[in-house]
$ cat upload39.txt   # compact mmCIF, C-alpha atoms
# COMPACT_ATOMS: atom_id res chain seq x y z
CA MET A 497 -39.27 -127.73 63.64
CA SER A 498 -41.78 -125.47 65.35
CA VAL A 499 -41.17 -127.41 68.57
CA PHE A 500 -37.85 -125.61 69.00
CA PRO A 501 -37.81 -121.96 70.11
CA GLU A 502 -36.60 -119.48 67.54
CA ASN A 503 -32.78 -119.27 67.42
CA PHE A 504 -32.43 -122.28 69.71
CA LEU A 505 -30.83 -124.67 67.23
CA PRO A 506 -27.43 -123.89 65.71
CA GLN A 507 -27.75 -123.04 62.05
CA GLU A 508 -25.83 -126.12 60.89
CA ILE A 509 -28.24 -128.50 62.62
CA HIS A 510 -31.19 -126.40 61.51
CA VAL A 511 -30.09 -126.65 57.88
CA PHE A 512 -29.34 -130.37 58.19
CA VAL A 513 -32.80 -131.17 59.59
CA TYR A 514 -34.57 -129.05 56.98
CA ARG A 515 -32.66 -130.73 54.17
CA CYS A 516 -33.71 -134.11 55.54
CA ILE A 517 -37.34 -132.96 55.64
CA ILE A 518 -37.11 -131.59 52.11
CA ASP A 519 -35.54 -134.82 50.90
CA ALA A 520 -38.42 -136.78 52.43
CA TYR A 521 -41.04 -134.59 50.71
CA GLN A 522 -39.20 -134.85 47.41
CA GLN A 523 -39.43 -138.62 47.62
CA LEU A 524 -43.11 -138.42 48.56
CA THR A 525 -43.90 -136.16 45.60
CA LYS A 526 -42.15 -138.59 43.28
CA LEU A 527 -44.19 -141.46 44.66
CA ASP A 528 -47.43 -139.49 44.51
CA PRO A 529 -47.14 -136.43 42.24
CA THR A 530 -50.87 -135.72 42.50
CA ASN A 531 -50.75 -135.18 46.26
CA LYS A 532 -50.99 -131.39 46.57
CA GLN A 533 -50.25 -131.47 50.29
CA HIS A 534 -46.82 -133.00 49.71
CA VAL A 535 -46.05 -130.50 46.98
CA GLU A 536 -47.11 -127.58 49.16
CA SER A 537 -45.10 -128.85 52.13
CA LEU A 538 -42.06 -129.19 49.88
CA LYS A 539 -42.41 -125.56 48.77
CA ILE A 540 -42.89 -124.29 52.33
CA HIS A 541 -39.88 -126.10 53.76
CA SER A 542 -37.70 -125.14 50.79
CA SER A 543 -38.61 -121.50 51.33
CA GLN A 544 -37.93 -121.76 55.07
CA LEU A 545 -34.53 -123.32 54.38
CA GLU A 546 -33.59 -120.40 52.15
CA THR A 547 -34.57 -118.01 54.94
CA ILE A 548 -32.45 -119.91 57.47
CA ILE A 549 -29.42 -119.79 55.19
CA ARG A 550 -29.90 -116.06 54.50
CA THR A 551 -30.11 -115.23 58.20
CA SER A 552 -26.90 -117.05 59.12
CA GLY A 553 -24.84 -115.31 61.76
CA THR A 554 -27.84 -113.65 63.41
CA LYS A 555 -28.31 -116.33 66.06
CA LYS A 556 -28.67 -115.00 69.59
CA ASN A 557 -28.44 -116.88 72.84
CA ILE A 558 -31.86 -117.37 74.32
CA ARG A 559 -32.71 -118.19 77.91
CA LEU A 560 -35.55 -120.61 78.49
CA GLN A 561 -38.21 -119.59 80.99
CA SER A 562 -39.78 -122.74 82.42
CA ALA A 563 -38.82 -126.19 83.64
CA ALA A 564 -41.61 -127.70 81.54
CA GLN A 565 -40.15 -126.20 78.37
CA ILE A 566 -36.70 -127.50 79.27
CA ASN A 567 -37.98 -131.04 79.90
CA GLU A 568 -39.83 -131.00 76.59
CA LEU A 569 -36.76 -129.82 74.70
CA ARG A 570 -34.63 -132.52 76.33
CA GLN A 571 -36.95 -135.12 74.83
CA TYR A 572 -36.66 -133.55 71.38
CA MET A 573 -32.89 -133.38 71.71
CA ASN A 574 -32.82 -137.11 72.46
CA LEU A 575 -34.90 -137.75 69.35
CA LEU A 576 -32.58 -135.57 67.32
CA GLY A 577 -29.59 -137.51 68.62
CA ARG A 578 -31.17 -140.80 67.58
CA PHE A 579 -31.97 -139.38 64.16
CA LEU A 580 -28.33 -138.44 63.71
CA GLN A 581 -27.25 -141.95 64.70
CA LYS A 582 -29.53 -143.46 62.07
CA SER A 583 -28.31 -140.94 59.51
CA VAL A 584 -24.68 -141.89 60.01
CA GLN A 585 -25.54 -145.60 60.03
CA LYS A 586 -27.31 -145.18 56.68
CA LYS A 587 -24.36 -143.10 55.48
CA HIS A 588 -26.49 -140.04 54.86
CA ILE A 589 -23.82 -138.11 56.74
CA THR A 590 -20.14 -138.82 57.34
CA GLN A 591 -18.58 -139.73 60.67
CA LYS A 592 -16.93 -136.32 60.70
CA GLN A 593 -20.28 -134.58 60.26
CA TYR A 594 -21.83 -136.80 62.89
CA GLY A 595 -19.09 -135.93 65.39
CA HIS A 596 -19.55 -132.24 64.70
CA TYR A 597 -23.33 -132.38 65.08
CA ARG A 598 -23.02 -134.38 68.29
CA LEU A 599 -20.73 -131.71 69.70
CA LEU A 600 -23.32 -129.06 68.88
CA ILE A 601 -26.07 -131.10 70.52
CA LYS A 602 -23.91 -131.56 73.60
CA GLY A 603 -23.64 -127.78 73.82
CA LEU A 604 -27.42 -127.47 73.62
CA THR A 605 -27.87 -130.12 76.31
CA THR A 606 -25.45 -128.24 78.54
CA GLN A 607 -27.40 -125.04 77.93
CA LEU A 608 -30.64 -126.77 78.92
CA ALA A 609 -29.08 -127.90 82.20
CA ILE A 610 -27.75 -124.40 82.92
CA ASP A 611 -31.12 -122.79 82.20
CA GLY A 612 -32.73 -125.38 84.49
CA TYR A 613 -30.39 -124.46 87.35
CA ILE A 614 -31.00 -120.75 86.81
CA ILE A 615 -34.77 -121.23 86.85
CA SER A 616 -34.50 -123.26 90.07
CA ALA A 617 -32.29 -120.56 91.59
CA ARG A 618 -34.85 -117.86 90.79
CA GLN A 619 -37.72 -119.93 92.13
CA SER A 620 -35.80 -120.59 95.36
CA LEU A 621 -35.12 -116.88 95.73
CA ASP A 622 -38.80 -116.06 95.20
CA ILE A 623 -39.76 -118.20 98.20
CA GLY A 624 -37.01 -116.77 100.38
CA LYS A 625 -34.57 -119.70 100.23
CA ASN A 626 -31.38 -117.78 99.55
CA ARG A 627 -29.01 -120.63 100.35
CA LEU A 628 -30.79 -122.95 97.95
CA SER A 629 -30.67 -120.25 95.30
CA ILE A 630 -26.92 -119.91 95.81
CA HIS A 631 -26.61 -123.69 95.51
CA TYR A 632 -28.32 -123.75 92.10
CA TYR A 633 -26.34 -120.79 90.77
CA ASP A 634 -23.17 -122.50 91.95
CA LEU A 635 -24.14 -125.71 90.12
CA ALA A 636 -24.69 -123.73 86.93
CA LYS A 637 -21.34 -122.00 87.29
CA LYS A 638 -19.50 -125.28 87.92
CA LEU A 639 -21.08 -126.81 84.84
CA LEU A 640 -20.04 -123.82 82.72
CA THR A 641 -16.46 -123.83 83.96
CA LYS A 642 -16.29 -127.59 83.45
CA GLU A 643 -16.93 -127.04 79.75
CA THR A 644 -14.96 -124.42 77.82
CA PRO A 645 -15.16 -121.26 79.97
CA SER A 646 -14.22 -119.00 77.06
CA ASN A 647 -17.43 -120.04 75.28
CA TYR A 648 -19.59 -119.03 78.22
CA LYS A 649 -18.06 -115.75 79.38
CA GLU A 650 -21.34 -113.83 79.28
CA GLN A 651 -23.24 -116.49 81.18
CA ILE A 652 -20.53 -116.85 83.82
CA GLN A 653 -20.55 -113.07 84.26
CA TYR A 654 -24.34 -113.09 84.58
CA ILE A 655 -24.23 -115.81 87.26
CA ASN A 656 -21.48 -113.98 89.15
CA GLU A 657 -23.61 -110.82 89.15
CA GLU A 658 -26.57 -112.77 90.50
CA LEU A 659 -24.46 -114.58 93.09
CA SER A 660 -22.63 -111.56 94.48
CA PRO A 661 -25.52 -109.89 96.38
CA LEU A 662 -26.82 -113.27 97.54
CA MET A 663 -23.43 -114.23 98.95
CA ASP A 664 -23.09 -110.85 100.68
CA ALA A 665 -26.54 -111.20 102.23
CA GLU A 666 -25.80 -114.75 103.35
CA MET A 667 -22.49 -113.75 104.94
CA LEU A 668 -24.21 -110.90 106.79
CA LYS A 669 -26.90 -113.30 107.98
CA GLN A 670 -24.31 -115.78 109.24
CA GLU A 671 -22.44 -113.00 111.07
CA GLN A 672 -25.67 -111.90 112.73
CA GLU A 673 -26.48 -115.48 113.73
CA GLN A 674 -22.98 -115.94 115.15
CA HIS A 675 -23.23 -112.67 117.05
CA HIS A 676 -26.58 -113.76 118.47
CA LYS A 677 -25.14 -117.10 119.59
CA GLU A 678 -22.21 -115.39 121.28
CA SER A 679 -24.58 -112.98 123.04
CA VAL A 680 -26.68 -115.88 124.32
CA VAL A 681 -23.56 -117.65 125.61
CA GLU A 682 -22.35 -114.49 127.36
CA GLU A 683 -25.74 -113.97 128.99
CA GLY A 684 -25.77 -117.60 130.07
CA GLU A 685 -22.36 -117.23 131.68
CA ALA A 686 -23.29 -113.98 133.42
CA THR A 687 -26.56 -115.22 134.93
CA PRO A 688 -25.04 -117.75 137.40
CA LEU A 689 -22.70 -115.03 138.73
CA ILE A 690 -25.63 -112.74 139.42
CA GLU A 691 -27.58 -115.55 141.04
CA SER A 692 -24.53 -116.52 143.11
CA ASN A 693 -24.12 -112.97 144.41
CA GLU A 694 -27.81 -112.77 145.22
CA ASN A 695 -27.64 -116.07 147.10
CA LYS A 696 -24.65 -114.88 149.12
CA GLU A 697 -26.40 -111.64 150.01
CA TRP A 698 -29.55 -113.51 151.03
CA ALA A 699 -27.57 -115.98 153.14
CA GLN A 700 -25.80 -113.11 154.83
CA PHE A 701 -29.13 -111.41 155.49
CA GLU A 702 -30.57 -114.58 157.02
CA GLU A 703 -27.50 -115.01 159.16
CA GLU A 704 -27.71 -111.43 160.46
CA ALA A 705 -31.44 -111.73 161.01
CA GLY A 706 -30.93 -114.93 162.98
CA TRP A 707 -28.24 -113.27 165.11
CA LYS A 708 -30.54 -110.35 165.91
CA LYS A 709 -33.37 -112.69 166.90
CA LYS A 710 -31.01 -114.57 169.17
CA ASN A 711 -29.95 -111.34 170.90
CA ILE A 712 -33.57 -110.38 171.46
CA TYR A 713 -34.37 -113.68 173.13
CA ASP A 714 -31.19 -113.50 175.18
$ encode --input "upload39.txt" --output "structure tokens"
Amino acid sequence: MSVFPENFLPQEIHVFVYRCIIDAYQQLTKLDPTNKQHVESLKIHSSQLETIIRTSGTKKNIRLQSAAQINELRQYMNLLGRFLQKSVQKKHITQKQYGHYRLLIKGLTTQLAIDGYIISARQSLDIGKNRLSIHYYDLAKKLLTKETPSNYKEQIQYINEELSPLMDAEMLKQEQEQHHKESVVEEGEATPLIESNENKEWAQFEEEAGWKKKNIYD
């Protein structure tokens, strides 16, 4: 269970997995009572289970910090899902329990995806790609609102707070780009008029100069 970060698993799944581990060690100690390692492992996991039960209700939402950690946890979540399938097939748990645990795992999987988007958004921002950062934050927000928004109020608020200055900066940038384009167009339209006036003045000058030369020769 050390593969999961502290407070990552919901208590119900945590307790379920520990009870399965304890059950396995109990069977091992019955098969080989002289094996001190099995006996010691049984004591350790039993003690840890008691601690988990005592600390119920103290779970806090944690935010993962790396894509590598998220990918690793996804693999463990898949293994946990398969373990639950086998447990219900062997009737170690009921269909009702299985459905409940699956719902909890789905929530964890959603959280992994959200944390992945947030990490990508931060990384994009670090290298100056604001639009890409907005894209990832937007994906995270859409995923949250697709689920049960009331369960993710804090996270939605956090994403909105991160998005707000980025959106403002992007809008300002777009306005500046548009203003620049309009200025270029205006300059492009004004230049031919200036050139046309200059050409007319030069033609008039040549015409007058030619007339003066003609008078001299006459």
$ closest_residue --input "upload39.txt" --among "A:Glu568, A:Glu643, A:Glu673, A:Asp622" --to "Ile610 of chain A" --atoms "all atoms listed in the file"
A:Glu643
$ closest_residue --input "upload39.txt" --among "A:Leu628, A:Ile601, A:Leu621, A:Ile549" --to "Leu580 of chain A" --atoms "only C-alpha atoms"
A:Ile601
$ residues_around --input "upload39.txt" --residues "Asn656 of chain A" --least-positions-apart "4" --cutoff "9 Å" --atoms "only C-alpha atoms" --output "list in words"
Tyr633, Lys637, Gln651, Ile652 and Ser660 of chain A
$ write_last_selection --input "upload39.txt" --atoms "C-alpha atoms" --output "compact mmCIF listing (two decimals), keeping the file's coordinate frame"
# COMPACT_ATOMS: atom_id res chain seq x y z
CA TYR A 633 -26.34 -120.79 90.77
CA LYS A 637 -21.34 -122.00 87.29
CA GLN A 651 -23.24 -116.49 81.18
CA ILE A 652 -20.53 -116.85 83.82
CA SER A 660 -22.63 -111.56 94.48
$ atom_distance --input "upload39.txt" --atom1 "atom CA of Leu560 of chain A" --atom2 "atom CA of His631 of chain A"
19.5 Å
$ atom_distance --input "upload39.txt" --atom1 "atom CA of Asp519 of chain A" --atom2 "atom CA of Gln581 of chain A"
17.6 Å
$ atom_distance --input "upload39.txt" --atom1 "atom CA of Glu536 of chain A" --atom2 "atom CA of Gln507 of chain A"
23.7 Å
$ closest_residue --input "upload39.txt" --among "A:Leu635, A:Ser583, A:Arg570, A:Leu604" --to "Asn503 of chain A" --atoms "only C-alpha atoms"
A:Leu604
$ residues_around --input "upload39.txt" --residues "Ala564 of chain A" --least-positions-apart "6" --cutoff "12 Å" --atoms "only C-alpha atoms" --output "PDB file with C-alpha atoms, in the frame of the given file"
ATOM      1  CA  ARG A 570     -34.630-132.520  76.330  1.00  0.00           C
ATOM      2  CA  GLN A 571     -36.950-135.120  74.830  1.00  0.00           C
ATOM      3  CA  LEU A 608     -30.640-126.770  78.920  1.00  0.00           C
ATOM      4  CA  ASP A 611     -31.120-122.790  82.200  1.00  0.00           C
ATOM      5  CA  GLY A 612     -32.730-125.380  84.490  1.00  0.00           C
ATOM      6  CA  ILE A 615     -34.770-121.230  86.850  1.00  0.00           C
ATOM      7  CA  SER A 616     -34.500-123.260  90.070  1.00  0.00           C
TER       8      SER A 616
END
$ closest_residue --input "upload39.txt" --among "A:Lys582, A:Tyr597, A:Ala617, A:Leu569" --to "Val499 of chain A" --atoms "all atoms listed in the file"
A:Leu569
$ closest_residue --input "upload39.txt" --among "A:Ala636, A:Ile630, A:Ile589, A:Leu538" --to "Ala665 of chain A" --atoms "only C-alpha atoms"
A:Ile630
$ closest_residue --input "upload39.txt" --among "A:Leu576, A:Ile540, A:Ile566, A:Ile548" --to "Val511 of chain A" --atoms "all atoms listed in the file"
A:Ile548
$ residues_around --input "upload39.txt" --residues "Ile517 of chain A" --least-positions-apart "2" --cutoff "12 Å" --atoms "only C-alpha atoms" --output "PDB file with C-alpha atoms, in the coordinates of the input"
ATOM      1  CA  MET A 497     -39.270-127.730  63.640  1.00  0.00           C
ATOM      2  CA  HIS A 510     -31.190-126.400  61.510  1.00  0.00           C
ATOM      3  CA  VAL A 511     -30.090-126.650  57.880  1.00  0.00           C
ATOM      4  CA  PHE A 512     -29.340-130.370  58.190  1.00  0.00           C
ATOM      5  CA  VAL A 513     -32.800-131.170  59.590  1.00  0.00           C
ATOM      6  CA  TYR A 514     -34.570-129.050  56.980  1.00  0.00           C
ATOM      7  CA  ARG A 515     -32.660-130.730  54.170  1.00  0.00           C
ATOM      8  CA  ASP A 519     -35.540-134.820  50.900  1.00  0.00           C
ATOM      9  CA  ALA A 520     -38.420-136.780  52.430  1.00  0.00           C
ATOM     10  CA  TYR A 521     -41.040-134.590  50.710  1.00  0.00           C
ATOM     11  CA  GLN A 522     -39.200-134.850  47.410  1.00  0.00           C
ATOM     12  CA  GLN A 523     -39.430-138.620  47.620  1.00  0.00           C
ATOM     13  CA  LEU A 524     -43.110-138.420  48.560  1.00  0.00           C
ATOM     14  CA  HIS A 534     -46.820-133.000  49.710  1.00  0.00           C
ATOM     15  CA  SER A 537     -45.100-128.850  52.130  1.00  0.00           C
ATOM     16  CA  LEU A 538     -42.060-129.190  49.880  1.00  0.00           C
ATOM     17  CA  LYS A 539     -42.410-125.560  48.770  1.00  0.00           C
ATOM     18  CA  ILE A 540     -42.890-124.290  52.330  1.00  0.00           C
ATOM     19  CA  HIS A 541     -39.880-126.100  53.760  1.00  0.00           C
ATOM     20  CA  SER A 542     -37.700-125.140  50.790  1.00  0.00           C
ATOM     21  CA  GLN A 544     -37.930-121.760  55.070  1.00  0.00           C
ATOM     22  CA  LEU A 545     -34.530-123.320  54.380  1.00  0.00           C
ATOM     23  CA  PHE A 579     -31.970-139.380  64.160  1.00  0.00           C
TER      24      PHE A 579
END
$ decode --input "upload39.txt" --residues "segment 517-537 of chain A" --atoms "N, CA and C atoms" --output "PDB file, in the first residue's frame"
ATOM      1  N   ILE A 517      -5.339  -8.100   2.645  1.00  0.00           N
ATOM      2  CA  ILE A 517      -3.934  -8.425   2.939  1.00  0.00           C
ATOM      3  C   ILE A 517      -3.838  -9.212   4.248  1.00  0.00           C
ATOM      4  N   ILE A 518      -4.581  -8.745   5.241  1.00  0.00           N
ATOM      5  CA  ILE A 518      -4.574  -9.422   6.543  1.00  0.00           C
ATOM      6  C   ILE A 518      -5.112 -10.847   6.413  1.00  0.00           C
ATOM      7  N   ASP A 519      -6.168 -10.984   5.633  1.00  0.00           N
ATOM      8  CA  ASP A 519      -6.744 -12.314   5.410  1.00  0.00           C
ATOM      9  C   ASP A 519      -5.722 -13.252   4.762  1.00  0.00           C
ATOM     10  N   ALA A 520      -4.957 -12.715   3.823  1.00  0.00           N
ATOM     11  CA  ALA A 520      -3.934 -13.525   3.147  1.00  0.00           C
ATOM     12  C   ALA A 520      -2.853 -13.963   4.135  1.00  0.00           C
ATOM     13  N   TYR A 521      -2.414 -13.051   5.000  1.00  0.00           N
ATOM     14  CA  TYR A 521      -1.375 -13.406   5.981  1.00  0.00           C
ATOM     15  C   TYR A 521      -1.908 -14.371   7.042  1.00  0.00           C
ATOM     16  N   GLN A 522      -3.176 -14.246   7.370  1.00  0.00           N
ATOM     17  CA  GLN A 522      -3.768 -15.192   8.318  1.00  0.00           C
ATOM     18  C   GLN A 522      -3.742 -16.613   7.750  1.00  0.00           C
ATOM     19  N   GLN A 523      -4.052 -16.722   6.471  1.00  0.00           N
ATOM     20  CA  GLN A 523      -4.011 -18.036   5.831  1.00  0.00           C
ATOM     21  C   GLN A 523      -2.579 -18.574   5.759  1.00  0.00           C
ATOM     22  N   LEU A 524      -1.638 -17.666   5.487  1.00  0.00           N
ATOM     23  CA  LEU A 524      -0.232 -18.082   5.407  1.00  0.00           C
ATOM     24  C   LEU A 524       0.286 -18.559   6.763  1.00  0.00           C
ATOM     25  N   THR A 525      -0.111 -17.859   7.829  1.00  0.00           N
ATOM     26  CA  THR A 525       0.349 -18.266   9.163  1.00  0.00           C
ATOM     27  C   THR A 525      -0.265 -19.605   9.589  1.00  0.00           C
ATOM     28  N   LYS A 526      -1.464 -19.873   9.100  1.00  0.00           N
ATOM     29  CA  LYS A 526      -2.078 -21.174   9.395  1.00  0.00           C
ATOM     30  C   LYS A 526      -1.353 -22.298   8.654  1.00  0.00           C
ATOM     31  N   LEU A 527      -0.954 -21.989   7.422  1.00  0.00           N
ATOM     32  CA  LEU A 527      -0.238 -22.995   6.634  1.00  0.00           C
ATOM     33  C   LEU A 527       1.179 -23.215   7.153  1.00  0.00           C
ATOM     34  N   ASP A 528       1.784 -22.135   7.659  1.00  0.00           N
ATOM     35  CA  ASP A 528       3.167 -22.234   8.137  1.00  0.00           C
ATOM     36  C   ASP A 528       3.323 -21.395   9.406  1.00  0.00           C
ATOM     37  N   PRO A 529       2.878 -21.914  10.534  1.00  0.00           N
ATOM     38  CA  PRO A 529       2.907 -21.160  11.794  1.00  0.00           C
ATOM     39  C   PRO A 529       4.317 -20.791  12.257  1.00  0.00           C
ATOM     40  N   THR A 530       5.308 -21.496  11.774  1.00  0.00           N
ATOM     41  CA  THR A 530       6.686 -21.241  12.219  1.00  0.00           C
ATOM     42  C   THR A 530       7.354 -20.094  11.453  1.00  0.00           C
ATOM     43  N   ASN A 531       6.692 -19.632  10.417  1.00  0.00           N
ATOM     44  CA  ASN A 531       7.272 -18.550   9.607  1.00  0.00           C
ATOM     45  C   ASN A 531       7.068 -17.220  10.333  1.00  0.00           C
ATOM     46  N   LYS A 532       8.149 -16.714  10.923  1.00  0.00           N
ATOM     47  CA  LYS A 532       8.068 -15.483  11.711  1.00  0.00           C
ATOM     48  C   LYS A 532       7.760 -14.252  10.844  1.00  0.00           C
ATOM     49  N   GLN A 533       8.196 -14.312   9.607  1.00  0.00           N
ATOM     50  CA  GLN A 533       7.966 -13.166   8.712  1.00  0.00           C
ATOM     51  C   GLN A 533       6.473 -12.970   8.455  1.00  0.00           C
ATOM     52  N   HIS A 534       5.760 -14.068   8.261  1.00  0.00           N
ATOM     53  CA  HIS A 534       4.314 -13.978   8.042  1.00  0.00           C
ATOM     54  C   HIS A 534       3.603 -13.464   9.288  1.00  0.00           C
ATOM     55  N   VAL A 535       4.042 -13.948  10.428  1.00  0.00           N
ATOM     56  CA  VAL A 535       3.436 -13.521  11.695  1.00  0.00           C
ATOM     57  C   VAL A 535       3.672 -12.029  11.924  1.00  0.00           C
ATOM     58  N   GLU A 536       4.889 -11.590  11.655  1.00  0.00           N
ATOM     59  CA  GLU A 536       5.230 -10.179  11.845  1.00  0.00           C
ATOM     60  C   GLU A 536       4.454  -9.286  10.873  1.00  0.00           C
ATOM     61  N   SER A 537       4.350  -9.730   9.628  1.00  0.00           N
ATOM     62  CA  SER A 537       3.599  -8.961   8.626  1.00  0.00           C
ATOM     63  C   SER A 537       2.126  -8.863   9.007  1.00  0.00           C
TER      64      SER A 537
END
